[in-house]
file data-v1.cif (mmCIF, C-alpha atoms)
data_model
#
loop_
_atom_site.label_atom_id
_atom_site.label_comp_id
_atom_site.auth_asym_id
_atom_site.auth_seq_id
_atom_site.Cartn_x
_atom_site.Cartn_y
_atom_site.Cartn_z
CA MET A 12 -0.93 -30.11 34.72
CA ASN A 13 1.18 -30.25 31.57
CA ILE A 14 4.52 -31.92 30.93
CA SER A 15 6.75 -29.57 28.93
CA GLN A 16 9.86 -31.74 28.53
CA ILE A 17 10.86 -35.42 28.72
CA THR A 18 14.59 -36.20 28.79
CA LEU A 19 15.95 -39.75 28.70
CA LYS A 20 19.50 -41.04 28.73
CA ASP A 21 20.28 -44.76 28.48
CA PHE A 22 16.72 -45.59 29.51
CA ARG A 23 15.46 -48.90 28.04
CA ASN A 24 16.41 -48.70 24.35
CA TYR A 25 16.94 -44.92 24.32
CA GLU A 26 20.54 -43.73 24.20
CA ALA A 27 19.25 -40.16 24.37
CA LEU A 28 15.92 -38.40 23.93
CA GLU A 29 14.79 -34.82 24.44
CA LEU A 30 11.10 -34.51 23.73
CA PRO A 31 9.38 -31.12 24.16
CA LEU A 32 5.64 -31.36 24.68
CA GLU A 33 2.67 -29.05 24.41
CA GLY A 34 -0.85 -29.44 25.71
CA GLY A 35 -3.36 -31.60 23.89
CA VAL A 36 -2.70 -34.98 22.33
CA THR A 37 0.76 -36.23 21.35
CA VAL A 38 0.90 -39.49 19.39
CA LEU A 39 3.80 -41.93 19.24
CA CYS A 40 3.19 -44.27 16.31
CA GLY A 41 5.28 -47.22 15.18
CA ASP A 42 5.72 -50.96 15.14
CA ASN A 43 6.01 -52.96 18.33
CA ALA A 44 9.31 -53.04 20.27
CA GLN A 45 10.52 -49.70 18.88
CA GLY A 46 10.35 -47.71 22.12
CA LYS A 47 6.87 -46.15 22.23
CA THR A 48 5.85 -47.63 25.58
CA ASN A 49 9.26 -46.85 27.07
CA VAL A 50 8.48 -43.12 26.92
CA LEU A 51 5.24 -43.62 28.83
CA GLU A 52 7.02 -45.89 31.28
CA ALA A 53 9.52 -43.12 32.04
CA VAL A 54 6.70 -40.67 32.76
CA TYR A 55 4.91 -43.18 34.97
CA LEU A 56 8.17 -43.81 36.84
CA CYS A 57 8.32 -40.13 37.75
CA CYS A 58 4.64 -40.14 38.76
CA THR A 59 4.76 -43.13 41.10
CA GLY A 60 8.40 -44.05 41.66
CA ARG A 61 7.98 -47.38 39.92
CA SER A 62 7.64 -48.91 36.49
CA HIS A 63 4.33 -50.48 35.53
CA ARG A 64 6.23 -53.35 33.86
CA THR A 65 9.03 -54.36 36.23
CA ARG A 66 10.19 -54.03 39.81
CA GLN A 67 13.86 -54.26 38.83
CA ASP A 68 15.59 -50.94 38.17
CA LYS A 69 18.34 -52.72 36.27
CA GLU A 70 15.86 -53.73 33.58
CA LEU A 71 15.28 -50.03 32.85
CA ILE A 72 18.95 -49.38 32.05
CA ARG A 73 19.98 -49.65 28.41
CA LYS A 74 22.03 -52.74 27.63
CA GLY A 75 25.73 -51.94 27.92
CA ALA A 76 25.18 -48.80 30.03
CA ASP A 77 25.95 -48.39 33.73
CA ALA A 78 23.10 -46.01 34.56
CA ALA A 79 19.89 -44.51 33.21
CA PHE A 80 18.56 -40.99 33.64
CA VAL A 81 15.00 -39.68 33.41
CA GLN A 82 13.91 -36.07 33.78
CA ILE A 83 10.37 -34.74 33.57
CA VAL A 84 9.62 -31.01 33.60
CA SER A 85 5.99 -30.21 34.33
CA GLN A 86 3.97 -27.05 34.73
CA LYS A 87 1.30 -27.01 37.43
CA ARG A 88 -0.90 -24.31 38.88
CA ASP A 89 1.76 -23.49 41.45
CA GLY A 90 4.60 -23.30 38.92
CA ARG A 91 7.33 -25.48 37.46
CA HIS A 92 8.14 -28.94 38.84
CA ASP A 93 11.34 -30.80 37.90
CA VAL A 94 11.74 -34.49 38.72
CA GLU A 95 14.96 -36.39 38.02
CA ILE A 96 15.65 -40.06 38.63
CA LEU A 97 19.06 -41.67 38.21
CA LEU A 98 19.09 -45.47 38.07
CA SER A 99 22.40 -47.26 38.56
CA CYS A 100 23.62 -50.82 38.19
CA ALA A 101 26.02 -50.31 41.08
CA SER A 102 24.07 -48.31 43.66
CA ARG A 103 20.62 -47.23 44.81
CA ARG A 104 18.58 -44.89 42.69
CA LYS A 105 18.90 -41.14 43.25
CA ILE A 106 15.95 -38.76 43.11
CA LYS A 107 16.08 -35.00 42.70
CA ILE A 108 13.15 -32.62 43.09
CA ALA A 109 13.79 -29.13 41.70
CA GLY A 110 17.49 -29.96 41.62
CA GLN A 111 17.65 -31.01 45.28
CA GLU A 112 18.45 -34.63 46.08
CA THR A 113 16.06 -36.40 48.43
CA SER A 114 16.48 -39.70 50.24
CA ARG A 115 12.73 -40.17 50.70
CA SER A 116 10.95 -41.71 47.74
CA GLY A 117 7.64 -40.29 48.94
CA GLU A 118 8.89 -36.78 48.13
CA LEU A 119 8.45 -37.75 44.49
CA MET A 120 4.68 -38.00 44.80
CA GLY A 121 2.50 -35.19 43.52
CA HIS A 122 5.05 -33.38 41.35
CA VAL A 123 4.12 -35.22 38.15
CA THR A 124 0.68 -36.78 38.30
CA GLY A 125 -0.59 -39.17 35.67
CA VAL A 126 -3.03 -41.91 34.77
CA LEU A 127 -1.79 -44.81 32.64
CA PHE A 128 -4.28 -46.92 30.69
CA SER A 129 -2.83 -49.99 28.96
CA PRO A 130 -4.11 -53.38 27.73
CA GLU A 131 -2.77 -54.86 30.98
CA ASP A 132 -5.43 -52.84 32.85
CA LEU A 133 -7.80 -55.71 32.23
CA ARG A 134 -5.86 -57.50 34.97
CA THR A 135 -7.29 -54.98 37.45
CA VAL A 136 -10.69 -56.46 36.67
CA LYS A 137 -9.84 -60.10 35.97
CA ASP A 138 -7.10 -60.88 38.51
CA GLY A 139 -7.27 -61.29 42.27
CA PRO A 140 -7.69 -58.57 44.90
CA ALA A 141 -3.98 -57.67 44.96
CA GLU A 142 -4.28 -56.03 41.53
CA ARG A 143 -7.20 -53.85 42.64
CA ARG A 144 -5.40 -52.87 45.84
CA ARG A 145 -2.37 -51.87 43.74
CA PHE A 146 -4.63 -49.77 41.49
CA ILE A 147 -6.01 -47.91 44.51
CA ASP A 148 -2.61 -47.62 46.22
CA MET A 149 -0.91 -46.04 43.19
CA ALA A 150 -3.64 -43.43 42.72
CA LEU A 151 -3.79 -42.54 46.41
CA SER A 152 -0.01 -42.32 46.71
CA GLN A 153 0.07 -39.65 43.99
CA LEU A 154 -2.65 -37.66 45.73
CA LYS A 155 -1.51 -38.13 49.33
CA PRO A 156 2.18 -38.63 50.11
CA ALA A 157 1.10 -39.39 53.70
CA TYR A 158 -0.74 -42.43 52.35
CA TYR A 159 2.42 -43.60 50.59
CA TYR A 160 4.34 -43.43 53.86
CA ALA A 161 1.56 -45.29 55.69
CA LEU A 162 1.77 -47.97 53.02
CA GLN A 163 5.51 -48.26 53.64
CA ARG A 164 5.01 -48.46 57.42
CA TYR A 165 2.40 -51.16 56.96
CA ALA A 166 4.65 -53.22 54.68
CA ARG A 167 7.56 -53.00 57.13
CA ALA A 168 5.40 -53.89 60.14
CA LEU A 169 3.80 -56.81 58.28
CA LYS A 170 7.21 -58.17 57.31
CA GLN A 171 8.50 -57.88 60.88
CA ARG A 172 5.39 -59.44 62.40
CA ASN A 173 5.60 -62.40 60.04
CA GLU A 174 9.26 -62.88 60.92
CA VAL A 175 8.40 -62.86 64.63
CA LEU A 176 5.60 -65.38 64.09
CA ARG A 177 8.05 -67.73 62.43
CA ALA A 178 10.73 -67.16 65.07
CA ILE A 179 8.42 -67.85 68.04
CA ALA A 180 8.35 -71.55 67.17
CA ILE A 181 12.11 -71.65 67.90
CA HIS A 182 12.38 -68.83 70.44
CA PRO A 183 9.14 -68.65 72.48
CA ARG A 184 10.43 -65.63 74.41
CA MET A 185 9.89 -63.51 71.28
CA MET A 186 6.15 -63.70 71.98
CA ASP A 187 6.70 -60.58 74.12
CA THR A 188 7.49 -58.52 71.01
CA LEU A 189 4.31 -59.44 69.18
CA ASP A 190 2.22 -56.76 70.92
CA VAL A 191 4.55 -54.06 69.60
CA TRP A 192 4.19 -55.20 66.00
CA ASP A 193 0.45 -55.68 66.41
CA GLU A 194 0.11 -52.04 67.41
CA GLN A 195 2.31 -50.71 64.61
CA LEU A 196 0.58 -52.85 61.99
CA ALA A 197 -2.88 -51.90 63.23
CA ASN A 198 -2.12 -48.16 63.32
CA ALA A 199 -0.78 -48.12 59.75
CA GLY A 200 -3.56 -50.43 58.57
CA ASP A 201 -6.33 -48.29 60.05
CA GLU A 202 -4.90 -45.28 58.20
CA LEU A 203 -4.91 -47.21 54.92
CA VAL A 204 -8.49 -48.36 55.47
CA ARG A 205 -9.68 -44.82 56.17
CA HIS A 206 -8.12 -43.37 53.02
CA ARG A 207 -9.10 -46.32 50.83
CA GLY A 208 -12.72 -46.13 51.91
CA GLU A 209 -13.05 -42.43 51.08
CA TYR A 210 -11.23 -42.76 47.77
CA VAL A 211 -13.24 -45.76 46.58
CA ARG A 212 -16.48 -43.95 47.45
CA ARG A 213 -15.54 -41.02 45.20
CA LEU A 214 -14.15 -43.31 42.50
CA SER A 215 -17.36 -45.35 42.43
CA GLU A 216 -19.52 -42.25 42.00
CA SER A 217 -17.48 -41.04 39.01
CA ALA A 218 -17.12 -44.50 37.46
CA ALA A 219 -20.88 -45.13 37.69
CA ALA A 220 -21.66 -41.94 35.74
CA ILE A 221 -19.00 -42.66 33.09
CA HIS A 222 -20.20 -46.25 32.74
CA ARG A 223 -23.76 -45.02 32.12
CA ASP A 224 -22.48 -42.93 29.19
CA ILE A 225 -20.48 -45.80 27.70
CA ALA A 226 -23.05 -48.54 28.26
CA PRO A 227 -26.47 -46.93 28.87
CA ASP A 228 -28.34 -50.23 28.63
CA SER A 229 -26.11 -51.98 31.17
CA PRO A 230 -26.94 -52.49 34.85
CA ALA A 231 -25.45 -49.85 37.16
CA PHE A 232 -21.71 -50.12 37.72
CA SER A 233 -20.29 -49.70 41.22
CA ILE A 234 -17.02 -50.20 43.08
CA ALA A 235 -17.33 -51.59 46.59
CA TYR A 236 -14.58 -51.50 49.19
CA ARG A 237 -14.49 -54.47 51.56
CA PRO A 238 -11.86 -53.94 54.29
CA ASP A 239 -10.64 -57.17 55.81
CA ALA A 240 -10.79 -55.64 59.29
CA GLU A 241 -12.56 -52.50 60.51
CA ASP A 242 -10.67 -52.58 63.83
CA GLY A 243 -7.16 -53.72 63.00
CA LEU A 244 -5.82 -54.24 66.52
CA ARG A 245 -8.78 -56.24 67.72
CA ALA A 246 -8.71 -58.39 64.58
CA LEU A 247 -5.01 -59.15 65.06
CA GLN A 248 -5.57 -60.15 68.67
CA GLU A 249 -8.52 -62.37 67.78
CA CYS A 250 -6.51 -64.13 65.04
CA ARG A 251 -3.28 -64.50 66.99
CA ALA A 252 -3.70 -68.21 67.68
CA MET A 253 -4.32 -68.91 64.00
CA ASP A 254 -1.43 -66.67 62.97
CA LEU A 255 0.94 -68.52 65.32
CA LYS A 256 -0.17 -71.82 63.85
CA ARG A 257 0.23 -70.63 60.25
CA MET A 258 3.26 -68.45 61.02
CA SER A 259 1.86 -65.58 58.95
CA THR A 260 -0.54 -62.67 59.40
CA THR A 261 -3.97 -63.76 58.22
CA VAL A 262 -5.90 -60.52 58.75
CA GLY A 263 -5.38 -56.88 57.84
CA ALA A 264 -5.26 -54.28 55.06
CA HIS A 265 -3.07 -56.54 52.91
CA ARG A 266 -6.17 -58.71 52.44
CA ASP A 267 -8.67 -55.93 51.62
CA GLU A 268 -10.94 -56.49 48.63
CA ILE A 269 -12.34 -54.05 46.07
CA ARG A 270 -15.26 -55.55 44.22
CA LEU A 271 -16.49 -54.39 40.81
CA MET A 272 -20.23 -54.85 40.37
CA LEU A 273 -22.77 -54.60 37.56
CA GLY A 274 -26.01 -54.53 39.49
CA ASP A 275 -25.58 -57.52 41.79
CA MET A 276 -23.17 -59.33 39.43
CA ASP A 277 -19.43 -59.52 40.18
CA VAL A 278 -17.73 -58.35 36.97
CA ARG A 279 -14.56 -60.28 37.72
CA ALA A 280 -16.31 -63.62 38.13
CA TYR A 281 -19.19 -63.36 35.69
CA GLY A 282 -18.64 -60.39 33.36
CA SER A 283 -18.08 -60.86 29.64
CA GLN A 284 -14.89 -59.62 27.96
CA GLY A 285 -16.73 -56.52 26.77
CA GLN A 286 -18.16 -55.82 30.23
CA GLN A 287 -14.73 -56.20 31.79
CA ARG A 288 -13.15 -53.82 29.27
CA THR A 289 -15.88 -51.24 29.89
CA ALA A 290 -15.35 -51.55 33.64
CA ALA A 291 -11.58 -51.03 33.24
CA LEU A 292 -12.09 -47.99 31.01
CA SER A 293 -14.65 -46.49 33.40
CA MET A 294 -12.25 -46.91 36.33
CA ARG A 295 -9.37 -45.17 34.57
CA LEU A 296 -11.50 -42.25 33.41
CA ALA A 297 -12.96 -41.99 36.91
CA GLU A 298 -9.43 -41.95 38.34
CA MET A 299 -8.72 -38.89 36.18
CA GLN A 300 -11.84 -37.12 37.43
CA VAL A 301 -11.10 -37.83 41.08
CA MET A 302 -7.54 -36.54 40.64
CA ARG A 303 -8.80 -33.37 39.00
CA ALA A 304 -11.29 -32.77 41.82
CA ALA A 305 -8.53 -33.26 44.41
CA MET A 306 -5.81 -31.23 42.65
CA GLY A 307 -7.82 -28.63 40.77
CA GLU A 308 -6.20 -29.64 37.48
CA TRP A 309 -6.09 -32.64 35.16
CA PRO A 310 -3.32 -35.23 35.42
CA VAL A 311 -1.53 -36.27 32.25
CA LEU A 312 -3.23 -39.24 30.58
CA MET A 313 -1.15 -42.00 29.01
CA LEU A 314 -2.86 -44.37 26.58
CA ASP A 315 -0.56 -47.26 25.75
CA ASP A 316 -1.85 -49.03 22.64
CA VAL A 317 -5.40 -49.23 23.98
CA MET A 318 -7.31 -47.79 21.03
CA SER A 319 -6.92 -50.97 19.00
CA GLU A 320 -8.25 -52.97 21.96
CA LEU A 321 -11.54 -51.03 22.13
CA ASP A 322 -14.53 -51.26 19.84
CA PRO A 323 -15.58 -48.06 17.95
CA SER A 324 -18.16 -47.05 20.57
CA ARG A 325 -15.69 -47.26 23.45
CA ARG A 326 -13.04 -45.45 21.40
CA ARG A 327 -15.42 -42.55 20.82
CA GLN A 328 -16.25 -42.38 24.52
CA LEU A 329 -12.57 -42.33 25.40
CA VAL A 330 -11.78 -39.60 22.86
CA ALA A 331 -14.68 -37.53 24.24
CA HIS A 332 -12.88 -37.37 27.61
CA LEU A 333 -9.59 -36.02 26.16
CA ASP A 334 -10.69 -32.40 25.86
CA GLY A 335 -8.45 -30.22 28.01
CA VAL A 336 -6.29 -33.17 29.11
CA GLN A 337 -2.66 -33.51 28.04
CA THR A 338 -2.55 -36.99 26.54
CA LEU A 339 0.28 -39.23 25.35
CA VAL A 340 -0.95 -41.93 22.98
CA THR A 341 0.95 -44.89 21.54
CA CYS A 342 -0.38 -46.82 18.56
CA THR A 343 0.76 -48.96 15.66
CA ASP A 344 -1.70 -47.45 13.16
CA LEU A 345 -2.95 -43.86 13.03
CA SER A 346 -6.38 -45.11 11.99
CA ASP A 347 -6.79 -46.33 15.59
CA LEU A 348 -7.09 -42.76 16.88
CA ALA A 349 -10.85 -42.72 16.32
CA GLY A 350 -11.20 -39.02 15.62
CA ALA A 351 -8.73 -37.72 18.21
CA ARG A 352 -7.07 -34.51 16.96
CA PRO A 353 -3.39 -34.71 17.88
CA GLU A 354 -1.18 -31.65 18.30
CA ARG A 355 1.92 -33.65 17.39
CA VAL A 356 2.50 -37.06 15.78
CA TYR A 357 5.85 -38.83 15.88
CA ARG A 358 6.96 -41.95 14.06
CA VAL A 359 9.01 -44.10 16.44
CA HIS A 360 11.61 -46.45 15.00
CA ASP A 361 14.50 -47.96 16.95
CA ALA A 362 14.16 -45.34 19.73
CA VAL A 363 14.27 -42.43 17.28
CA LEU A 364 11.30 -40.03 17.07
CA SER A 365 10.59 -38.38 13.72
CA PRO A 366 7.79 -35.77 13.41
CA ILE A 367 4.97 -36.57 10.99
CA GLU A 368 3.41 -33.47 9.46
#
call {"tool": "encode", "arguments": {"input": "data-v1.cif", "output": "structure tokens"}}
result
Amino acid sequence: MNISQITLKDFRNYEALELPLEGGVTVLCGDNAQGKTNVLEAVYLCCTGRSHRTRQDKELIRKGADAAFVQIVSQKRDGRHDVEILLSCASRRKIKIAGQETSRSGELMGHVTGVLFSPEDLRTVKDGPAERRRFIDMALSQLKPAYYYALQRYARALKQRNEVLRAIAIHPRMMDTLDVWDEQLANAGDELVRHRGEYVRRLSESAAAIHRDIAPDSPAFSIAYRPDAEDGLRALQECRAMDLKRMSTTVGAHRDEIRLMLGDMDVRAYGSQGQQRTAALSMRLAEMQVMRAAMGEWPVLMLDDVMSELDPSRRRQLVAHLDGVQTLVTCTDLSDLAGARPERVYRVHDAVLSPIE
């Protein structure tokens, strides 16, 4: 997959931008806070329906503007894909696919597919299980729109069940509705568990091989999926008394864990900074490989100021995986590119892109 055009209007600090792209590596170079990451953020928004930096659409709208517009034109094996997102201060966002408006956010998935690697990715390794679930959920949603809808159903059922648990203390008759929400939550949760298990298995295989190339003297790297409940309905029924006491749902897919292991060592708890960075890099590169195997073509790769965060060995390993992959790179110094051969280099200053020959 290749992106051929990025168009922004009143997005973040961009009043207007039309950026044609070719295959290969495109570099956006400049000082911090000039707008480099905003371009990648716009692409990621069209890949996943959300920003990687905020949950508030209003924060994506340029100061003083009423709305922001993002359009991505991509070329895939089956032809051209146009994605447009209009963000408004006064109303809900509007999404168009190939010029046709859709009310279902899941319709966005799969038209522009991408992998974003940023310094914040270390949180996937260092933070709690919610960050690793988010990592898996975003990748799976791009590959399987049905998974995205199951995720939505699960979130709605979980919210409703928790509200019923709290209400029962005041209105005991609402106990009769708990079975309905148990069933809906369990059905959506079992679907999440099934897809997560298969995806993590494939991700772990790819990440282990990549990790061996990056750190050949290290113990074997693996990613282990630990579902909180294999049988969602039975688990909910067994925990009902505790849930009523705590007035919240204590079991289910929202508590699943994904563990990152070096041999028998938990990387999150005991890994060094270098080991954690290598694990994060291996996971992102593995995500690319799993996407390619599923789609038959590479996703676009976005590298947001990560070269300066990696030592020379890890930079070389990363560059070695760029062949044949359309890549958008941001950096503050061109010397950070570690031998990558860019097709285009732009200097970014105050949301203006100037080609560097």
call {"tool": "resolve_selection", "arguments": {"input": "data-v1.cif", "expression": "the PyMOL selection byres ((chain A and resi 339) around 7)", "output": "PyMOL selection string"}}
result
chain A and resi 36-38+312-314+337-338+340-341
call {"tool": "residues_near_point", "arguments": {"input": "data-v1.cif", "point": "(-25.2, -50.7, 34.3)", "cutoff": "10 Å", "atoms": "only C-alpha atoms", "output": "PyMOL selection string"}}
result
chain A and resi 219-220+222-233+272-274+286+290
call {"tool": "residues_around", "arguments": {"input": "data-v1.cif", "residues": "region 51-55 of chain A", "least_positions_apart": "6", "cutoff": "7 Å", "atoms": "all atoms listed in the file", "output": "VMD selection string"}}
result
chain A and resid 62 to 63 81 125 313
call {"tool": "closest_residue", "arguments": {"input": "data-v1.cif", "among": "A:Leu345, A:Leu169, A:Ala76, A:Val84", "to": "Thr261 (chain A)", "atoms": "all atoms listed in the file"}}
result
A:Leu169
call {"tool": "atom_distance", "arguments": {"input": "data-v1.cif", "atom1": "CA of Gln16 (chain A)", "atom2": "CA of Glu95 (chain A)"}}
result
11.7 Å
call {"tool": "atom_distance", "arguments": {"input": "data-v1.cif", "atom1": "CA of Ser85 (chain A)", "atom2": "CA of Ile106 (chain A)"}}
result
15.8 Å
call {"tool": "atom_distance", "arguments": {"input": "data-v1.cif", "atom1": "CA of Pro183 (chain A)", "atom2": "CA of Leu247 (chain A)"}}
result
18.6 Å
call {"tool": "residues_around", "arguments": {"input": "data-v1.cif", "residues": "Glu118 (chain A)", "least_positions_apart": "6", "cutoff": "12 Å", "atoms": "all atoms listed in the file", "output": "ChimeraX atom specification"}}
result
/A:57-60,94-95,105-109,111-112,152-160
call {"tool": "resolve_selection", "arguments": {"input": "data-v1.cif", "expression": "the PyMOL selection byres ((chain A and resi 202-212) around 8)", "output": "PyMOL selection string"}}
result
chain A and resi 147+151+158+161-162+198-201+213-216+234-236+238+241+264
call {"tool": "resolve_selection", "arguments": {"input": "data-v1.cif", "expression": "the PyMOL selection byres ((chain A and resi 133) around 10)", "output": "PyMOL selection string"}}
result
chain A and resi 128-132+134-138+142+279+284+287-292
call {"tool": "residues_around", "arguments": {"input": "data-v1.cif", "residues": "region 347-353 of chain A", "least_positions_apart": "3", "cutoff": "7 Å", "atoms": "only C-alpha atoms", "output": "JSON, numbers by chain"}}
result
{"A": [35, 36, 37, 38, 318, 319, 326, 327, 330, 344, 356]}
call {"tool": "closest_residue", "arguments": {"input": "data-v1.cif", "among": "A:Leu364, A:Ile17, A:Cys250, A:Val123", "to": "Met306 (chain A)", "atoms": "only C-alpha atoms"}}
result
A:Val123
